[in-house]
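What follows is start36.cif (mmCIF, C-alpha atoms).
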```cif
data_coords
loop_
_atom_site.label_atom_id
_atom_site.label_comp_id
_atom_site.auth_asym_id
_atom_site.auth_seq_id
_atom_site.Cartn_x
_atom_site.Cartn_y
_atom_site.Cartn_z
CA MET O 1 14.45 65.40 -40.04
CA SER O 2 16.73 63.81 -37.53
CA GLU O 3 19.80 61.87 -38.48
CA LYS O 4 18.55 58.38 -37.87
CA LYS O 5 18.42 56.20 -40.90
CA ILE O 6 17.14 52.66 -41.38
CA ALA O 7 14.80 50.69 -39.14
CA VAL O 8 13.29 47.26 -39.49
CA ILE O 9 9.99 46.10 -38.10
CA GLY O 10 9.53 42.37 -38.28
CA ASP O 11 9.35 39.07 -36.54
CA LYS O 12 12.18 37.94 -34.32
CA ASP O 13 14.17 35.99 -36.89
CA VAL O 14 14.22 38.67 -39.56
CA VAL O 15 15.05 41.28 -37.02
CA LEU O 16 18.02 39.31 -35.77
CA ALA O 17 19.50 39.04 -39.23
CA PHE O 18 19.23 42.76 -39.82
CA LYS O 19 20.67 43.57 -36.47
CA ALA O 20 23.89 41.90 -37.52
CA VAL O 21 24.39 44.39 -40.36
CA GLY O 22 23.95 47.41 -38.15
CA VAL O 23 20.33 48.37 -38.76
CA ASP O 24 18.12 49.42 -35.87
CA VAL O 25 15.51 46.77 -35.29
CA TYR O 26 12.10 46.69 -33.66
CA PRO O 27 10.68 43.22 -33.22
CA SER O 28 6.94 43.06 -33.35
CA SER O 29 4.39 40.40 -33.95
CA ASP O 30 0.90 41.67 -33.36
CA ARG O 31 -1.00 44.27 -35.29
CA GLU O 32 -1.50 46.91 -32.63
CA LYS O 33 2.10 46.97 -31.62
CA SER O 34 3.35 47.20 -35.20
CA LYS O 35 1.00 50.09 -35.77
CA GLU O 36 2.29 52.00 -32.79
CA THR O 37 5.89 51.25 -33.65
CA LEU O 38 5.48 52.42 -37.22
CA ILE O 39 3.88 55.69 -36.23
CA LYS O 40 6.59 56.31 -33.69
CA LEU O 41 9.42 55.38 -36.07
CA ALA O 42 8.04 57.48 -38.90
CA ARG O 43 9.09 60.59 -37.04
CA ASN O 44 12.67 59.54 -36.59
CA TYR O 45 13.73 57.27 -39.41
CA LEU O 46 14.24 57.81 -43.11
CA VAL O 47 13.77 54.27 -44.32
CA ILE O 48 11.53 51.79 -42.56
CA LEU O 49 11.52 48.19 -43.71
CA ILE O 50 8.52 46.10 -42.72
CA THR O 51 8.12 42.41 -43.35
CA GLU O 52 5.29 41.60 -45.70
CA ASP O 53 3.12 39.70 -43.28
CA ILE O 54 3.04 42.65 -40.91
CA ALA O 55 2.81 45.21 -43.71
CA SER O 56 -0.31 43.54 -45.09
CA GLN O 57 -1.98 43.91 -41.69
CA ILE O 58 -1.30 47.60 -41.29
CA GLY O 59 -1.72 48.69 -44.89
CA ASP O 60 -3.86 51.65 -43.88
CA ILE O 61 -1.07 53.22 -41.86
CA ILE O 62 1.50 52.55 -44.56
CA ASP O 63 -0.69 54.25 -47.15
CA ARG O 64 -0.53 57.38 -45.05
CA TYR O 65 3.17 57.78 -45.73
CA LYS O 66 2.96 56.87 -49.39
CA THR O 67 2.81 60.31 -50.89
CA LYS O 68 5.13 62.09 -48.50
CA PRO O 69 8.83 62.30 -49.35
CA TYR O 70 9.88 60.86 -45.99
CA PRO O 71 9.87 58.30 -44.51
CA LEU O 72 10.29 55.62 -47.12
CA VAL O 73 8.28 52.63 -46.00
CA LEU O 74 9.20 49.46 -47.82
CA PRO O 75 7.67 46.02 -47.45
CA ILE O 76 10.30 43.29 -47.55
CA PRO O 77 9.86 39.53 -47.79
CA SER O 78 10.43 37.50 -44.69
CA ALA O 79 12.36 34.25 -44.59
CA LYS O 80 9.30 32.45 -45.91
CA GLY O 81 9.75 34.15 -49.26
CA ALA O 82 7.86 36.84 -51.08
CA SER O 83 4.10 36.76 -50.76
CA GLY O 84 3.43 39.07 -53.67
CA PHE O 85 2.38 41.94 -51.44
CA GLY O 86 5.15 44.15 -52.80
CA GLU O 87 4.28 43.47 -56.40
CA GLU O 88 0.66 44.12 -55.66
CA ASN O 89 1.67 47.61 -54.60
CA ILE O 90 3.45 48.25 -57.87
CA ARG O 91 0.43 47.01 -59.76
CA ARG O 92 -1.83 49.33 -57.81
CA ASN O 93 0.42 52.26 -58.66
CA ILE O 94 0.27 51.48 -62.35
CA GLU O 95 -3.49 51.21 -62.26
CA LYS O 96 -3.74 54.50 -60.44
CA ALA O 97 -1.52 56.32 -62.89
CA VAL O 98 -2.35 54.81 -66.23
CA GLY O 99 -5.87 53.59 -65.63
CA SER O 100 -5.23 49.96 -66.34
CA ASP O 101 -2.60 47.40 -65.58
CA ILE O 102 -0.24 47.39 -68.52
CA LEU O 103 2.86 45.70 -67.18
CA PHE O 104 1.73 42.69 -65.22
CA GLY O 105 -1.30 41.88 -67.30
CA ALA O 106 0.72 41.49 -70.47
CA GLU O 107 3.10 39.08 -68.82
CA GLU O 108 0.53 36.56 -67.76
CA LYS O 109 -0.86 36.03 -71.21
CA MET D 1 -24.30 73.18 -69.51
CA ALA D 2 -25.02 75.79 -66.99
CA VAL D 3 -24.25 79.36 -67.74
CA LEU D 4 -22.27 81.23 -65.12
CA ARG D 5 -24.24 83.82 -63.18
CA VAL D 6 -22.79 87.05 -64.47
CA ASN D 7 -24.06 90.38 -65.65
CA PRO D 8 -24.21 90.52 -69.43
CA THR D 9 -21.89 93.49 -69.82
CA ARG D 10 -18.99 94.22 -72.11
CA MET D 11 -16.61 94.26 -69.18
CA GLU D 12 -17.69 90.82 -68.08
CA LEU D 13 -17.35 89.56 -71.63
CA LYS D 14 -13.78 90.76 -71.86
CA ARG D 15 -12.93 89.24 -68.50
CA LEU D 16 -14.40 85.88 -69.50
CA LYS D 17 -12.59 85.88 -72.82
CA ASN D 18 -9.29 86.36 -71.02
CA ARG D 19 -10.20 83.64 -68.61
CA LEU D 20 -11.01 81.25 -71.41
CA LYS D 21 -7.67 81.95 -73.03
CA THR D 22 -5.85 81.15 -69.80
CA ALA D 23 -7.90 78.03 -69.24
CA VAL D 24 -7.20 76.68 -72.70
CA ARG D 25 -3.53 77.37 -72.35
CA GLY D 26 -3.41 75.80 -68.89
CA HIS D 27 -5.26 72.78 -70.17
CA LYS D 28 -2.73 72.24 -72.89
CA LEU D 29 0.17 72.62 -70.49
CA LEU D 30 -1.32 70.23 -67.97
CA LYS D 31 -1.99 67.70 -70.65
CA ASP D 32 1.62 67.86 -71.79
CA LYS D 33 2.73 67.54 -68.20
CA SER D 34 0.58 64.48 -67.76
CA ASP D 35 2.05 62.84 -70.86
CA GLU D 36 5.58 63.43 -69.70
CA MET D 37 4.82 62.24 -66.18
CA ILE D 38 3.36 59.02 -67.46
CA ARG D 39 6.40 58.47 -69.66
CA ARG D 40 8.73 58.91 -66.70
CA PHE D 41 6.48 56.87 -64.46
CA LEU D 42 6.64 53.91 -66.81
CA ILE D 43 10.43 54.02 -66.82
CA PHE D 44 10.52 54.09 -63.03
CA VAL D 45 7.90 51.45 -62.62
CA LYS D 46 9.78 49.04 -64.85
CA GLN D 47 12.89 49.65 -62.83
CA ASN D 48 10.87 49.23 -59.67
CA LYS D 49 9.53 45.89 -60.77
CA LYS D 50 12.92 44.58 -61.76
CA LEU D 51 14.55 45.76 -58.55
CA ARG D 52 11.80 44.36 -56.39
CA ARG D 53 12.07 40.95 -57.99
CA GLU D 54 15.80 40.94 -57.42
CA VAL D 55 15.61 42.18 -53.87
CA GLU D 56 12.82 39.81 -52.96
CA ASN D 57 14.68 36.79 -54.27
CA GLU D 58 18.03 37.72 -52.84
CA LEU D 59 16.67 38.86 -49.53
CA SER D 60 14.60 35.80 -48.88
CA ASP D 61 17.60 33.68 -49.81
CA ALA D 62 19.78 35.62 -47.44
CA LEU D 63 17.24 35.34 -44.65
CA LYS D 64 16.82 31.65 -45.30
CA ASN D 65 20.55 31.18 -45.05
CA PHE D 66 20.59 33.11 -41.86
CA MET D 67 17.84 30.93 -40.50
CA LEU D 68 19.76 27.81 -41.42
CA ALA D 69 22.89 29.15 -39.84
CA LYS D 70 20.94 29.98 -36.74
CA ALA D 71 19.47 26.52 -36.59
CA GLY D 72 22.94 25.06 -36.51
CA MET D 73 23.97 27.14 -33.55
CA ASP D 74 23.09 27.71 -30.00
CA ASP D 75 20.37 30.37 -29.74
CA ALA D 76 22.20 32.33 -27.10
CA ALA D 77 25.37 32.26 -29.17
CA VAL D 78 23.59 33.85 -32.14
CA GLN D 79 22.07 36.50 -29.94
CA GLU D 80 25.45 37.25 -28.53
CA ALA D 81 27.14 37.29 -31.91
CA VAL D 82 24.86 39.92 -33.40
CA ALA D 83 24.26 41.89 -30.23
CA MET D 84 26.91 44.51 -30.88
CA PRO D 85 27.20 45.19 -34.59
CA SER D 86 30.36 47.03 -35.46
CA VAL D 87 29.21 48.11 -38.88
CA GLY D 88 26.49 50.60 -39.45
CA VAL D 89 24.85 52.25 -42.36
CA GLU D 90 24.54 55.90 -42.90
CA LEU D 91 22.28 57.53 -45.38
CA ILE D 92 23.08 60.66 -47.26
CA THR D 93 19.85 62.32 -48.18
CA ALA D 94 19.09 64.74 -50.92
CA THR D 95 16.06 65.66 -52.92
CA GLN D 96 15.79 65.40 -56.63
CA ASN D 97 13.21 67.08 -58.73
CA ILE D 98 11.10 65.02 -61.07
CA MET D 99 8.47 67.06 -62.90
CA SER D 100 8.49 69.57 -60.05
CA LEU D 101 7.91 66.83 -57.53
CA ASN D 102 10.42 66.74 -54.75
CA VAL D 103 11.41 63.15 -54.28
CA PRO D 104 14.06 61.79 -51.95
CA GLU D 105 17.38 60.60 -53.16
CA LEU D 106 19.35 58.38 -50.84
CA THR D 107 22.90 57.23 -50.96
CA VAL D 108 24.14 54.60 -48.59
CA LYS D 109 27.42 55.12 -46.91
CA ALA D 110 28.64 52.12 -45.03
CA VAL D 111 30.38 52.94 -41.81
CA GLU D 112 33.73 51.24 -41.89
CA GLY D 113 34.23 48.43 -39.52
CA ASP D 114 34.66 44.71 -39.31
CA THR D 115 31.76 42.99 -41.03
CA PHE D 116 31.74 40.26 -38.45
CA PRO D 117 31.47 41.65 -34.96
CA TYR D 118 32.11 38.35 -33.27
CA GLY D 119 34.78 35.77 -32.80
CA PHE D 120 34.73 32.91 -35.27
CA ALA D 121 35.08 30.27 -32.60
CA GLY D 122 31.50 30.24 -31.41
CA THR D 123 29.81 30.67 -34.78
CA ASN D 124 29.63 28.70 -37.97
CA GLY D 125 30.55 29.59 -41.53
CA GLU D 126 26.98 29.86 -42.75
CA LEU D 127 26.34 32.75 -40.42
CA ASP D 128 29.33 34.60 -41.85
CA SER D 129 28.18 34.25 -45.42
CA ALA D 130 24.57 35.08 -44.57
CA ILE D 131 25.61 38.27 -42.88
CA SER D 132 27.97 39.39 -45.59
CA ASN D 133 25.25 38.71 -48.20
CA LEU D 134 22.79 40.74 -46.25
CA SER D 135 25.04 43.72 -45.78
CA GLY D 136 25.77 43.73 -49.50
CA LEU D 137 22.07 43.69 -50.16
CA LEU D 138 21.35 46.72 -48.06
CA VAL D 139 22.41 49.14 -50.79
CA LYS D 140 19.97 47.54 -53.17
CA ILE D 141 17.18 47.64 -50.62
CA VAL D 142 17.63 51.35 -50.11
CA LYS D 143 17.67 51.90 -53.85
CA LEU D 144 14.43 49.95 -54.12
CA ALA D 145 12.89 52.02 -51.35
CA GLU D 146 13.83 55.15 -53.25
CA VAL D 147 12.46 53.98 -56.59
CA GLU D 148 9.28 52.72 -55.01
CA LYS D 149 8.74 56.02 -53.27
CA ILE D 150 9.20 57.86 -56.56
CA CYS D 151 6.63 55.58 -58.16
CA ASN D 152 4.16 56.14 -55.35
CA MET D 153 4.49 59.88 -55.51
CA LEU D 154 4.40 60.04 -59.29
CA ALA D 155 1.30 57.86 -59.45
CA ASP D 156 -0.43 60.12 -56.98
CA GLU D 157 0.60 63.24 -58.84
CA ILE D 158 -0.51 61.81 -62.17
CA GLU D 159 -3.92 61.10 -60.72
CA LYS D 160 -4.22 64.60 -59.30
CA ASN D 161 -3.12 66.08 -62.58
CA ARG D 162 -5.66 64.05 -64.48
CA ARG D 163 -8.39 65.45 -62.26
CA ARG D 164 -7.26 68.96 -63.04
CA VAL D 165 -7.18 68.30 -66.76
CA ASN D 166 -10.64 66.79 -66.64
CA ALA D 167 -12.04 69.64 -64.61
CA LEU D 168 -10.71 72.15 -67.10
CA GLU D 169 -11.75 70.18 -70.13
CA ASN D 170 -15.23 69.16 -69.08
CA VAL D 171 -16.37 71.89 -66.75
CA MET D 172 -14.45 75.10 -66.81
CA ILE D 173 -13.83 75.56 -70.53
CA PRO D 174 -17.33 74.64 -71.78
CA GLU D 175 -18.92 76.71 -69.04
CA THR D 176 -16.91 79.76 -69.96
CA GLN D 177 -17.59 79.30 -73.66
CA GLU D 178 -21.28 78.99 -73.00
CA THR D 179 -21.30 82.13 -70.90
CA ILE D 180 -19.40 84.11 -73.50
CA LYS D 181 -21.96 83.06 -76.08
CA TYR D 182 -24.79 84.02 -73.75
CA ILE D 183 -23.33 87.45 -73.06
CA SER D 184 -22.61 88.28 -76.68
CA MET D 185 -26.11 87.21 -77.67
CA LYS D 186 -27.59 89.30 -74.93
CA LEU D 187 -25.52 92.31 -75.98
CA ASP D 188 -26.58 91.90 -79.61
CA GLU D 189 -30.15 91.61 -78.52
CA ASN D 190 -29.87 94.82 -76.49
CA GLU D 191 -28.43 96.60 -79.48
CA ARG D 192 -31.26 95.48 -81.74
CA ALA D 193 -33.78 96.51 -79.13
CA ASN D 194 -32.17 99.90 -79.00
CA ILE D 195 -32.31 100.39 -82.76
CA VAL D 196 -35.93 99.34 -82.89
CA ARG D 197 -36.74 101.76 -80.11
CA LEU D 198 -34.99 104.60 -81.92
CA MET D 199 -36.83 103.84 -85.14
CA LYS D 200 -40.10 103.71 -83.29
CA VAL D 201 -39.45 107.04 -81.60
CA LYS D 202 -38.49 108.57 -84.91
CA SER D 203 -41.67 107.40 -86.61
CA MET D 204 -43.74 108.62 -83.66
CA LEU D 205 -42.11 112.02 -83.96
CA GLU D 206 -42.85 112.10 -87.72
CA ASN D 207 -46.47 111.09 -87.17
CA ARG D 208 -47.03 113.90 -84.65
CA ASP D 209 -46.48 116.59 -87.19
#
```
Give the structure from the file, written as structure tokens.
Amino acid sequence: MSEKKIAVIGDKDVVLAFKAVGVDVYPSSDREKSKETLIKLARNYLVILITEDIASQIGDIIDRYKTKPYPLVLPIPSAKGASGFGEENIRRNIEKAVGSDILFGAEEK
Amino acid sequence: MAVLRVNPTRMELKRLKNRLKTAVRGHKLLKDKSDEMIRRFLIFVKQNKKLRREVENELSDALKNFMLAKAGMDDAAVQEAVAMPSVGVELITATQNIMSLNVPELTVKAVEGDTFPYGFAGTNGELDSAISNLSGLLVKIVKLAEVEKICNMLADEIEKNRRRVNALENVMIPETQETIKYISMKLDENERANIVRLMKVKSMLENRD
């Protein structure tokens, strides 16, 4: 694994903010390009942050990296706020492991 | 339940009995492993949920602030301001072992430097605070990435493990038991047949005289 560390894939505004704190950024807006970027970055980076709206489009590629130790692909909210995509992932994990949703279900009652 | 296709011999019986013993023991071990993994998973998943809530709220706030700051400034000026960041982040990677799963462990090391890589004349105060918020948040984001990865991997492993337990419990163990029963019955039957044959021969010999 090479020494590169954190990358962000996202729309222009998000990317600009992260650039200021010294993270490598890859602006992307359409599905195909995000896909390509992610596959390319997965070889070089340890942590890849993807904004939720893009992550929800390329979920199939993200799932590929889920069970490998590296890279760590993390959906992050964009400036619009969280869409619940990240929590959905946690819920799916719980269902997969335990068989039923025991954390989120109890809360909504 | 189907009986395995084996020759009903003593050797086969012994082999199957050993195999059954191993299977039962393995089944118990795997079941214990599954219990422990689920226990750990629940701890991580709770942490994951809490962290994600925090990060999501703080991050979208930070990004919103950044957006506001950007709106108050010339676009080119913002581009210029963030074009050459003087800080960086470095990750120190290690692996930790959770239930014999190798999961990543990351520690963030901030590269020293001025947080604000631009002169204050051309930018406004909101941009400063947005950026300093964001760089503080980065540690938390990496932590979240780590915890979420652990959850993903554990969930996957738990599922795999459950398959193994089920396969042992519902297929392998009953099949072996059935076969052992079949072989021992067949052997008994052979023995009885043998005795009957001997008795028959004996009576035939007696009748000849």
- prompt: Would you list which chain O residues are within 7 Å of chain D using all atoms listed in the file, as JSON, numbers by chain?
  reply: {"O": [5, 14, 17, 19, 20, 21, 22, 23, 66, 67, 69, 72, 74, 76, 77, 78, 79, 80, 81, 82, 93, 96, 97]}
message: I need the residue nearest Ser34 (chain O) from this list: O:Asp101, O:Asp63, O:Glu87, O:Asp11. Use all atoms listed in the file for the distance.
response: O:Asp11
task: Figure out the distance between CA of Leu38 (chain O) and CA of Ile9 (chain O), please, to one decimal in Å.
output: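 These two atoms are separated by 7.8 Å.
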Long-range neighbours of region 184-193 of chain D as a PDB file with C-alpha atoms, in the coordinates of the input, 8 Å cut-off, only C-alpha atoms, 3 positions minimum in chain:
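Here's the written file selection_30.pdb:
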```pdb
ATOM      1  CA  PRO D   8     -24.210  90.520 -69.430  1.00  0.00           C
ATOM      2  CA  THR D   9     -21.890  93.490 -69.820  1.00  0.00           C
ATOM      3  CA  ARG D  10     -18.990  94.220 -72.110  1.00  0.00           C
ATOM      4  CA  LEU D  13     -17.350  89.560 -71.630  1.00  0.00           C
ATOM      5  CA  ILE D 180     -19.400  84.110 -73.500  1.00  0.00           C
ATOM      6  CA  LYS D 181     -21.960  83.060 -76.080  1.00  0.00           C
ATOM      7  CA  VAL D 196     -35.930  99.340 -82.890  1.00  0.00           C
ATOM      8  CA  ARG D 197     -36.740 101.760 -80.110  1.00  0.00           C
TER       9      ARG D 197
END
```
field: Local residues around (-12.7, 86.1, -73.4), at most 12 Å away, using only C-alpha atoms, as a ChimeraX atom specification
entry: /D:10-24,173,176-181,183-184
task: State, in Å with one decimal place, the distance from CA of Leu46 (chain O) to CA of Lys33 (chain D).
output: 29.3 Å
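From CA of Gly84 (chain O) back to CA of Tyr65 (chain O), the distance works out to 20.3 Å.
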statement: Of O:Asp24, O:Glu36, O:Asp30, O:Asp13, the one nearest to Ile62 (chain O) when counting only C-alpha atoms is O:Glu36
field: O:Pro71, O:Gly99, O:Pro27, O:Gly10 ranked by distance to Asp53 (chain O), top pick (using only C-alpha atoms)
entry: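 Closest to Asp53 (chain O) of all the choices is O:Gly10.
Closest approach to Glu52 (chain O) from the set O:Val25, O:Val98, O:Val73, O:Ile6 is made by O:Val73, with distances taken over all atoms listed in the file.
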query: Pick the closest to Lys143 (chain D) from D:Lys200, D:Arg39, D:Lys50, D:Lys31: which is it, counting only C-alpha atoms?
result: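 That would be D:Lys50, the residue with the smallest distance to Lys143 (chain D).
Among D:Val6, D:Leu168, D:Leu205, D:Leu51, the residue with the shortest atom-to-atom distance to Ile90 (chain O), counting all atoms listed in the file, is D:Leu51.
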message: Env of Glu175 (chain D): 9 Å cut, atoms = all atoms listed in the file, seq-sep filter 3 positions within chain, self excluded. Answer as a list in words.
response: Met1, Ala2, Val3, Leu4, Asn170, Val171, Met172, Glu178, Thr179 and Ile180 of chain D
